[in-house]
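Asker: Dropping in start37.tsv, with TSV, C-alpha atoms and all ligand atoms.
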chain	number	residue	atom	x	y	z
A	1	MET	CA	284.33	18.96	71.73
A	2	ALA	CA	280.75	17.83	72.25
A	3	LEU	CA	278.25	15.61	70.52
A	4	ILE	CA	274.50	15.14	70.76
A	5	ARG	CA	272.44	12.28	69.38
A	6	ILE	CA	268.73	12.75	68.74
A	7	ASP	CA	266.65	9.59	68.48
A	8	GLU	CA	264.62	10.59	65.46
A	9	LEU	CA	262.20	7.71	65.92
A	10	ARG	CA	261.43	8.64	69.53
A	11	CYS	CA	261.23	12.41	68.82
A	12	LYS	CA	257.75	13.95	68.67
A	13	GLY	CA	258.79	17.19	67.00
A	14	CYS	CA	257.58	19.38	69.86
A	15	GLY	CA	260.41	21.88	69.34
A	16	LEU	CA	261.20	22.42	73.04
A	17	CYS	CA	264.87	21.55	72.41
A	18	THR	CA	265.05	24.19	69.67
A	19	ILE	CA	264.23	26.98	72.14
A	20	ALA	CA	266.46	25.53	74.86
A	21	CYS	CA	269.69	25.58	72.85
A	22	PRO	CA	271.64	28.75	73.68
A	23	HIS	CA	273.21	28.63	70.21
A	24	LYS	CA	270.03	27.77	68.31
A	25	LEU	CA	271.71	24.72	66.78
A	26	ILE	CA	268.62	22.51	66.62
A	27	VAL	CA	265.85	22.74	64.04
A	28	LEU	CA	262.88	20.56	63.12
A	29	SER	CA	263.27	18.73	59.84
A	30	ASP	CA	260.66	18.73	57.09
A	31	LYS	CA	260.61	14.97	56.74
A	32	ILE	CA	258.19	12.89	58.76
A	33	ASN	CA	259.15	10.03	61.11
A	34	HIS	CA	257.23	6.77	61.62
A	35	GLN	CA	255.05	8.43	64.28
A	36	GLY	CA	254.05	11.19	61.87
A	37	TYR	CA	256.11	13.90	63.54
A	38	THR	CA	258.87	16.09	62.11
A	39	PRO	CA	261.92	15.17	64.20
A	40	ALA	CA	264.57	17.56	65.45
A	41	HIS	CA	268.13	17.50	64.15
A	42	ILE	CA	271.30	19.44	64.88
A	43	THR	CA	272.61	21.79	62.23
A	44	LEU	CA	276.22	22.61	63.21
A	45	GLN	CA	277.49	19.83	65.46
A	46	ASP	CA	280.92	21.45	65.85
A	47	LYS	CA	279.33	24.54	67.46
A	48	CYS	CA	277.74	22.43	70.22
A	49	ILE	CA	279.13	23.10	73.70
A	50	GLY	CA	277.60	20.02	75.34
A	51	CYS	CA	275.55	22.04	77.83
A	52	ALA	CA	272.73	19.42	77.56
A	53	LEU	CA	269.95	22.01	77.92
A	54	CYS	CA	268.29	20.54	74.83
A	55	ALA	CA	268.27	17.10	76.45
A	56	GLU	CA	267.03	18.48	79.78
A	57	MET	CA	264.04	20.13	78.09
A	58	CYS	CA	263.07	17.11	75.96
A	59	PRO	CA	259.87	15.54	77.37
A	60	ASP	CA	260.61	12.33	75.49
A	61	VAL	CA	264.22	11.72	76.58
A	62	ALA	CA	265.11	11.57	72.88
A	63	ILE	CA	268.48	13.32	73.22
A	64	VAL	CA	271.76	12.08	74.70
A	65	VAL	CA	274.84	14.26	75.07
A	66	PHE	CA	278.57	13.45	75.05
A	67	LYS	CA	281.38	15.80	75.98
B	1	MET	CA	284.17	11.68	75.27
B	2	LYS	CA	282.00	11.04	78.27
B	3	GLN	CA	278.24	10.75	78.22
B	4	VAL	CA	276.97	13.77	80.16
B	5	PHE	CA	273.25	13.21	79.67
B	6	LYS	CA	271.40	9.92	79.51
B	7	LYS	CA	268.07	8.38	80.38
B	8	PRO	CA	267.80	7.69	84.13
B	9	GLU	CA	267.97	4.01	85.17
B	10	SER	CA	264.60	4.21	86.94
B	11	LEU	CA	262.87	5.04	83.66
B	12	LYS	CA	262.15	2.31	81.10
B	13	ASP	CA	263.50	2.72	77.59
B	14	VAL	CA	260.09	2.97	75.93
B	15	GLN	CA	258.07	5.44	73.92
B	16	THR	CA	255.41	7.21	76.01
B	17	HIS	CA	251.85	7.86	74.84
B	18	PHE	CA	252.04	11.53	75.91
B	19	CYS	CA	251.22	14.18	73.30
B	20	PRO	CA	254.10	16.19	71.79
B	21	GLY	CA	255.24	18.87	74.26
B	22	CYS	CA	253.36	17.39	77.23
B	23	HIS	CA	255.34	18.09	80.40
B	24	HIS	CA	254.28	14.79	82.00
B	25	GLY	CA	257.28	13.23	80.20
B	26	THR	CA	259.69	15.81	81.63
B	27	ILE	CA	258.28	15.46	85.14
B	28	HIS	CA	258.52	11.65	84.91
B	29	ARG	CA	262.18	11.99	84.01
B	30	LEU	CA	262.98	14.39	86.87
B	31	VAL	CA	261.31	12.04	89.36
B	32	ALA	CA	263.29	9.10	87.92
B	33	GLU	CA	266.53	11.07	88.19
B	34	ALA	CA	265.85	11.77	91.86
B	35	MET	CA	265.16	8.05	92.36
B	36	ASP	CA	268.53	7.22	90.79
B	37	GLU	CA	270.31	9.82	92.86
B	38	PHE	CA	268.96	8.49	96.16
B	39	GLY	CA	269.41	4.87	95.05
B	40	VAL	CA	265.82	4.01	95.97
B	41	GLN	CA	264.68	2.36	92.71
B	42	GLN	CA	264.75	-1.18	94.11
B	43	HIS	CA	262.53	-0.38	97.08
B	44	THR	CA	260.26	2.26	95.58
B	45	ILE	CA	256.53	1.69	95.31
B	46	GLY	CA	254.84	4.24	93.08
B	47	VAL	CA	251.16	4.97	93.48
B	48	ALA	CA	249.60	5.92	90.17
B	49	SER	CA	246.35	7.84	89.76
B	50	VAL	CA	243.72	8.16	87.07
B	51	GLY	CA	244.50	10.60	84.29
B	52	CYS	CA	247.07	10.86	81.51
B	53	SER	CA	249.73	9.55	83.91
B	54	VAL	CA	247.81	6.31	84.42
B	55	PHE	CA	250.53	4.29	82.62
B	56	LEU	CA	253.14	5.11	85.27
B	57	TYR	CA	253.85	1.38	85.64
B	58	GLY	CA	254.78	1.20	81.96
B	59	TYR	CA	257.30	4.03	82.12
B	60	PHE	CA	259.03	3.67	85.50
B	61	ASP	CA	261.13	0.59	86.19
B	62	ILE	CA	259.71	0.18	89.71
B	63	ASP	CA	256.73	-1.44	91.44
B	64	VAL	CA	253.50	0.51	91.00
B	65	VAL	CA	250.06	0.26	92.57
B	66	GLU	CA	247.18	1.67	90.57
B	67	SER	CA	244.70	3.59	92.71
B	68	PRO	CA	241.10	4.54	92.01
B	69	HIS	CA	240.56	8.13	90.86
B	70	GLY	CA	241.62	10.58	93.59
B	71	ARG	CA	242.55	7.95	96.15
B	72	ALA	CA	246.32	7.80	95.60
B	73	ALA	CA	247.22	9.49	98.90
B	74	ALA	CA	245.04	7.02	100.81
B	75	VAL	CA	246.51	4.05	98.93
B	76	ALA	CA	250.02	5.40	99.55
B	77	THR	CA	249.22	5.71	103.26
B	78	GLY	CA	248.41	2.00	103.37
B	79	VAL	CA	251.46	1.01	101.34
B	80	LYS	CA	253.86	3.04	103.47
B	81	ARG	CA	252.39	1.84	106.76
B	82	ALA	CA	252.52	-1.78	105.62
B	83	LYS	CA	256.04	-1.44	104.22
B	84	PRO	CA	257.68	1.42	106.11
B	85	ASP	CA	261.10	0.68	104.60
B	86	SER	CA	259.95	1.39	101.08
B	87	PHE	CA	260.07	4.72	99.30
B	88	VAL	CA	256.48	5.63	98.42
B	89	PHE	CA	255.32	8.39	96.12
B	90	THR	CA	252.06	9.30	94.42
B	91	TYR	CA	251.81	10.94	91.02
B	92	GLN	CA	248.52	12.74	90.47
B	93	GLY	CA	246.90	15.23	88.13
B	94	ASP	CA	244.86	18.23	89.21
B	95	GLY	CA	241.52	16.63	88.42
B	96	ASP	CA	242.64	13.66	90.48
B	97	LEU	CA	244.23	15.39	93.48
B	98	ALA	CA	242.42	18.73	93.69
B	99	ALA	CA	238.89	17.63	92.77
B	100	ILE	CA	237.78	14.04	93.38
B	101	GLY	CA	240.74	13.38	95.71
B	102	THR	CA	240.59	16.52	97.88
B	103	ALA	CA	239.62	14.67	101.04
B	104	GLU	CA	242.35	12.05	100.63
B	105	ILE	CA	245.16	14.51	100.00
B	106	ILE	CA	244.19	16.89	102.79
B	107	HIS	CA	243.96	14.16	105.41
B	108	ALA	CA	247.10	12.31	104.31
B	109	ALA	CA	248.96	15.64	104.46
B	110	ASN	CA	247.40	16.55	107.79
B	111	ARG	CA	248.37	13.19	109.28
B	112	GLY	CA	251.90	13.84	108.09
B	113	GLU	CA	252.19	10.52	106.28
B	114	ASP	CA	255.81	9.84	105.39
B	115	ILE	CA	255.20	9.89	101.62
B	116	THR	CA	256.06	12.14	98.67
B	117	VAL	CA	253.33	13.54	96.45
B	118	ILE	CA	254.01	14.69	92.89
B	119	PHE	CA	251.07	16.82	91.82
B	120	VAL	CA	250.88	17.74	88.14
B	121	ASN	CA	248.87	20.91	87.58
B	122	ASN	CA	247.96	21.43	83.94
B	123	THR	CA	244.79	23.49	84.64
B	124	THR	CA	242.54	20.86	83.08
B	125	TYR	CA	241.34	17.27	83.00
B	126	GLY	CA	243.69	16.03	80.31
B	127	MET	CA	242.67	12.43	79.79
B	128	THR	CA	238.95	12.99	79.47
B	129	GLY	CA	239.10	15.84	76.97
B	130	GLY	CA	239.84	19.09	78.74
B	131	GLN	CA	237.10	19.76	81.28
B	132	MET	CA	237.44	22.55	83.86
B	133	ALA	CA	239.52	21.58	86.90
B	134	PRO	CA	239.72	23.37	90.26
B	135	THR	CA	243.02	24.78	88.95
B	136	THR	CA	241.64	26.14	85.65
B	137	LEU	CA	242.63	29.81	85.38
B	138	LEU	CA	240.00	32.56	85.40
B	139	GLY	CA	238.76	33.19	81.89
B	140	GLN	CA	240.21	29.92	80.60
B	141	ARG	CA	237.92	28.21	78.11
B	142	THR	CA	237.50	24.48	78.57
B	143	SER	CA	234.93	22.01	77.32
B	144	THR	CA	232.84	22.61	80.48
B	145	SER	CA	233.56	26.36	80.71
B	146	PRO	CA	233.07	27.36	77.07
B	147	TYR	CA	232.79	31.06	78.01
B	148	GLY	CA	235.79	30.94	80.31
B	149	ARG	CA	236.05	30.16	84.01
B	150	ASN	CA	233.94	32.64	85.92
B	151	LYS	CA	234.95	33.48	89.49
B	152	SER	CA	231.45	34.25	90.74
B	153	LYS	CA	230.09	30.93	89.46
B	154	ASP	CA	233.12	28.62	89.59
B	155	GLY	CA	235.33	30.11	92.32
B	156	ALA	CA	238.98	31.03	91.91
B	157	PRO	CA	241.67	28.49	90.98
B	158	ILE	CA	242.93	26.51	93.98
B	159	ARG	CA	246.57	26.93	94.95
B	160	MET	CA	247.37	23.51	96.39
B	161	ALA	CA	251.02	24.10	97.33
B	162	GLU	CA	250.03	27.08	99.50
B	163	LEU	CA	246.91	25.41	100.88
B	164	LEU	CA	248.69	22.25	102.02
B	165	SER	CA	251.59	24.23	103.49
B	166	GLN	CA	249.15	25.48	106.17
B	167	LEU	CA	248.75	21.97	107.57
B	168	GLU	CA	250.85	20.94	110.58
B	169	GLY	CA	251.61	17.53	109.10
B	170	VAL	CA	253.30	18.92	105.98
B	171	ALA	CA	257.11	19.08	106.16
B	172	PHE	CA	257.85	20.31	102.65
B	173	SER	CA	255.73	21.99	99.98
B	174	ALA	CA	257.01	23.59	96.79
B	175	ARG	CA	255.75	24.57	93.35
B	176	VAL	CA	257.99	24.17	90.32
B	177	ALA	CA	257.81	24.58	86.54
B	178	VAL	CA	259.70	22.85	83.72
B	179	ASP	CA	259.06	25.33	80.89
B	180	SER	CA	262.61	26.72	80.71
B	181	PRO	CA	266.06	25.36	81.51
B	182	ARG	CA	266.26	27.68	84.51
B	183	ASN	CA	262.91	26.62	86.00
B	184	LEU	CA	263.71	23.00	85.24
B	185	MET	CA	267.01	23.12	87.14
B	186	ASP	CA	265.17	24.53	90.13
B	187	ALA	CA	262.50	21.84	89.76
B	188	LYS	CA	265.22	19.17	89.98
B	189	LYS	CA	266.49	20.72	93.19
B	190	GLN	CA	263.08	20.88	94.83
B	191	ILE	CA	262.13	17.32	93.80
B	192	LYS	CA	265.35	16.07	95.36
B	193	LYS	CA	264.56	17.96	98.57
B	194	ALA	CA	261.10	16.38	98.64
B	195	PHE	CA	262.74	12.96	98.24
B	196	ARG	CA	265.22	13.72	101.03
B	197	TYR	CA	262.41	14.38	103.46
B	198	GLN	CA	261.11	10.87	102.98
B	199	VAL	CA	264.51	9.19	102.73
B	200	GLU	CA	265.43	10.74	106.08
B	201	GLY	CA	262.03	9.89	107.56
B	202	LYS	CA	261.15	13.54	108.09
B	203	GLY	CA	257.56	13.58	106.93
B	204	PHE	CA	255.13	14.48	104.18
B	205	SER	CA	256.58	16.22	101.14
B	206	PHE	CA	254.63	17.82	98.30
B	207	ILE	CA	255.69	19.00	94.85
B	208	GLU	CA	253.28	20.86	92.58
B	209	ALA	CA	254.67	20.81	89.04
B	210	LEU	CA	253.12	23.21	86.52
B	211	SER	CA	252.60	21.36	83.28
B	212	ALA	CA	251.55	22.08	79.71
B	213	CYS	CA	248.64	20.26	78.06
B	214	PRO	CA	248.98	21.46	74.46
B	215	THR	CA	246.21	19.15	73.24
B	216	ASN	CA	243.43	20.32	75.52
B	217	TRP	CA	244.57	23.92	75.55
B	218	GLY	CA	244.26	23.91	71.76
B	219	MET	CA	247.82	25.16	71.39
B	220	ASN	CA	250.95	23.97	69.68
B	221	PRO	CA	253.69	22.69	72.02
B	222	LEU	CA	255.75	25.89	71.97
B	223	SER	CA	252.78	28.21	72.69
B	224	ALA	CA	251.58	25.86	75.44
B	225	ASN	CA	255.07	25.86	76.95
B	226	ALA	CA	255.08	29.68	76.83
B	227	ARG	CA	251.68	29.80	78.56
B	228	VAL	CA	253.15	27.96	81.55
B	229	GLY	CA	255.84	30.59	82.02
B	230	ALA	CA	253.54	33.55	81.41
B	231	GLU	CA	249.98	32.89	82.62
B	232	MET	CA	250.47	29.93	84.95
B	233	CYS	CA	253.58	31.14	86.79
B	234	ASP	CA	251.84	34.49	87.25
B	235	TYR	CA	248.98	32.98	89.26
B	236	PHE	CA	250.66	29.82	90.53
B	237	LYS	CA	253.95	31.29	91.72
B	238	PRO	CA	256.81	28.80	91.79
B	239	GLY	CA	258.56	28.71	95.15
B	240	VAL	CA	259.04	26.86	98.40
B	241	TYR	CA	256.04	27.28	100.68
B	242	LYS	CA	257.21	25.09	103.53
B	243	ASN	CA	260.52	23.54	104.45
B	244	VAL	CA	260.42	22.68	108.16
B	245	GLU	CA	263.89	21.16	108.41
B	246	ASN	CA	265.45	23.71	106.08
B	247	LEU	CA	266.81	20.89	103.88
C	301	LIG	C1	235.61	7.54	89.75
C	301	LIG	C2	235.99	8.07	88.41
C	301	LIG	N1	235.40	9.21	87.97
C	301	LIG	C3	235.73	9.73	86.76
C	301	LIG	C4	236.63	9.11	85.97
C	301	LIG	C5	236.98	9.69	84.62
C	301	LIG	N2	238.28	10.34	84.56
C	301	LIG	C6	239.35	9.71	84.05
C	301	LIG	S1	240.72	10.69	84.02
C	301	LIG	C7	239.87	11.97	84.69
C	301	LIG	C8	240.52	13.30	84.94
C	301	LIG	C9	242.00	13.31	84.92
C	301	LIG	O1	242.49	14.61	84.98
C	301	LIG	P1	243.77	15.01	85.78
C	301	LIG	O2	243.79	14.38	87.10
C	301	LIG	O3	243.84	16.50	85.76
C	301	LIG	O4	244.99	14.36	84.98
C	301	LIG	P2	245.55	14.66	83.52
C	301	LIG	O5	244.86	13.71	82.62
C	301	LIG	O6	245.28	16.10	83.20
C	301	LIG	O7	247.01	14.38	83.64
C	301	LIG	C10	238.54	11.63	84.93
C	301	LIG	C11	237.53	12.56	85.48
C	301	LIG	C12	237.22	7.91	86.45
C	301	LIG	N3	238.14	7.25	85.73
C	301	LIG	N4	236.88	7.41	87.66
C	302	LIG	S1	274.12	20.41	74.09
C	302	LIG	FE1	273.75	22.62	74.38
C	302	LIG	S2	274.79	23.59	72.66
C	302	LIG	FE2	274.64	21.42	72.14
C	302	LIG	S3	272.76	21.30	70.91
C	302	LIG	FE3	272.18	20.87	73.03
C	302	LIG	S4	271.56	22.86	73.88
C	302	LIG	FE4	272.70	23.26	71.98
C	303	LIG	S1	262.40	18.23	72.64
C	303	LIG	FE1	262.66	16.04	72.21
C	303	LIG	S2	260.72	15.38	71.32
C	303	LIG	FE2	260.74	17.62	71.26
C	303	LIG	S3	261.59	18.12	69.23
C	303	LIG	FE3	263.33	18.07	70.62
C	303	LIG	S4	264.11	15.98	70.53
C	303	LIG	FE4	262.06	15.97	69.63
C	304	LIG	S1	246.05	15.26	76.83
C	304	LIG	FE1	247.31	16.82	77.81
C	304	LIG	S2	248.05	15.92	79.75
C	304	LIG	FE2	247.28	14.25	78.43
C	304	LIG	S3	249.11	13.49	77.34
C	304	LIG	FE3	248.11	15.00	76.02
C	304	LIG	S4	249.12	16.95	76.51
C	304	LIG	FE4	249.60	15.50	78.17
Taking this structure as input, can you express it in the form of structure tokens?
Ligand SMILES: Cc1ncc(C[n+]2csc(CCOP(=O)(O)OP(=O)(O)O)c2C)c(N)n1
Ligand code: SF4
Ligand code: SF4
Ligand code: SF4
Answerer:
Amino acid sequence: MALIRIDELRCKGCGLCTIACPHKLIVLSDKINHQGYTPAHITLQDKCIGCALCAEMCPDVAIVVFK
Amino acid sequence: MKQVFKKPESLKDVQTHFCPGCHHGTIHRLVAEAMDEFGVQQHTIGVASVGCSVFLYGYFDIDVVESPHGRAAAVATGVKRAKPDSFVFTYQGDGDLAAIGTAEIIHAANRGEDITVIFVNNTTYGMTGGQMAPTTLLGQRTSTSPYGRNKSKDGAPIRMAELLSQLEGVAFSARVAVDSPRNLMDAKKQIKKAFRYQVEGKGFSFIEALSACPTNWGMNPLSANARVGAEMCDYFKPGVYKNVENL
């Protein structure tokens, strides 16, 4: 059982977390945040293994992980 | 459930001004994690340089001295000698360290100052709009090399981690990248080793971190990230170039 939280206000939509996730669970949304970026969100939370690679790769420390 | 990943204590909880996909943010975080791990936050004095990392004082929850362009290693020398019990690191770009600050870095390294240098190589002058740096790759187009860097006119890109490893005063020199989870995990390890050298009073330690500058490379964040792993790691090979105490 694992959980990630993406701070959609802090996220700059760079996509680095999307390529880091071994299960390709993260995608960029098509809505725009207050900074003008398209923030990342997780698609299937129950598939997440809590490996935290997404969070490690995020240059903006926008992801936290619980396990 | 337990929190297994969170922002390091040594980093402030603020939005950075870095462009999307800029590795400065990642490198800041890894340095802050090492600070947390060694418990040095309260007695760390960071020495910032001129470049996109100029707002170091706004992002790290530590004391920071701002140095003139290129002079960070000289400023850090003074800080460490005046306050030998503090943990002192510089954080410098390639325009800062490998161009205008060449004299300062070479002599601080050669003297074996007990400081840690974090050198961010993004093959360009980021802050001023992408001019050619000493680290710009051959053929790379920049605003001052519009036809690509030309070896016969501009020389070949400087490999600072290798160059400094030749100096007697250098205890540790390594090059790392943060473009993939695997490289990033190794980067963490090497940054911690560099910190250990200073924490144990064992001399000058140097980390060259390869970094993406999507904005001045004219690339989106994912292509810029891929360029680090492909083109940059090919010329600037990650690895440990000196480790005198085998830490
Ligand atoms: C003495 C002096 N000369 C020139 C400048 C202009 N300047 C500001 S930042 C910079 C280059 C920074 O590039 P780099 O060190 O590679 O850092 P980056 O922005 O890429 O992180 C220059 C030349 C300055 N501020 N001071
Ligand atoms: S913690 Fe691991 S599995 Fe879960 S979203 Fe992040 S990268 Fe994917
Ligand atoms: S890596 Fe961070 S900033 Fe980039 S898209 Fe993912 S959450 Fe957003
Ligand atoms: S200009 Fe380049 S180095 Fe500066 S913040 Fe943007 S991506 Fe980073």
Asker: Compute the set of protein, DNA and RNA residues whose minimum atom distance to ligand LIG 301 (chain C) is at most 7 Å, using all atoms listed in the file, and state it as a PyMOL selection string.
Answerer: chain B and resi 50-53+68-69+92-97+120-122+124-128+133
Asker: Find the spatial neighbours of segment 74-78 of chain B, counting only C-alpha atoms, within a cut-off of 9 Å - ignore same-chain residues fewer than 5 positions away - and output them as a list of chain:residue names.
Answerer: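 Counting only the stated atoms, we get B:Ile45, B:Gly46, B:Val47, B:Val65, B:Glu66, B:Ser67, B:Pro68, B:Lys83, B:Val88, B:Phe89, B:Thr90, B:Glu104, B:Ile105, B:His107, B:Ala108, B:Glu113, B:Asp114, B:Ile115.
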Asker: Could the residues that lie within 9 Å of ligand LIG 303 (chain C), counting all atoms listed in the file, be listed as a ChimeraX atom specification?
Answerer: /A:6-8,10-20,26-28,37-41,54-63 /B:20-21,221
Asker: Any residue with an atom at most 7 Å from ligand LIG 302 (chain C) counts, using only C-alpha atoms and all ligand atoms. Which are they? Put them as number ranges by chain.
Answerer: A: 4, 17, 20-26, 42, 47-55, 65
Asker: Counting all atoms listed in the file, name the residues that have an atom within 6 Å of an atom of ligand LIG 304 (chain C); the answer should be given as a list in words.
Answerer: Phe18, Cys19, Cys22, Cys52, Gly126, Met127, Cys213, Pro214, Thr215 and Asn216 of chain B
Asker: Point out the residue among A:Thr43, A:Gly36, A:Asp30, A:Met1 with the least atom-to-atom distance to chain B, counting only C-alpha atoms.
Answerer: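 Among the listed residues, the smallest separation from chain B belongs to A:Met1.
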Asker: Between chain B and chain A, at 7 Å or less, what are the per-residue closest atom pairs and their distances in Å? Count all atoms listed in the file, order by chain and rising residue number, and return it as CSV.
Answerer:
residue,atom,partner,partner_atom,distance
B:Met1,CA,A:Lys67,CA,5.0
B:Lys2,CA,A:Phe66,CA,5.3
B:Gln3,CA,A:Phe66,CA,4.2
B:Val4,CA,A:Phe66,CA,5.4
B:Phe5,CA,A:Val65,CA,5.0
B:Lys6,CA,A:Val64,CA,5.3
B:Lys7,CA,A:Val61,CA,6.4
B:Gln15,CA,A:Arg10,CA,6.4
B:Pro20,CA,A:Cys14,CA,5.1
B:Gly21,CA,A:Cys14,CA,5.0
B:Cys22,CA,A:Pro59,CA,6.8
B:His23,CA,A:Pro59,CA,6.0
B:Gly25,CA,A:Pro59,CA,4.5
B:Thr26,CA,A:Pro59,CA,4.3
B:Pro181,CA,A:Leu53,CA,6.3
B:Pro221,CA,A:Cys14,CA,5.5
B:Leu222,CA,A:Leu16,CA,6.5
Asker: Using all atoms listed in the file, determine which residues lie at most 10 Å from Asn150 of chain B, disregarding the query and same-chain residues fewer than 5 positions distant; provide the list as a count of residues only.
Answerer: 8
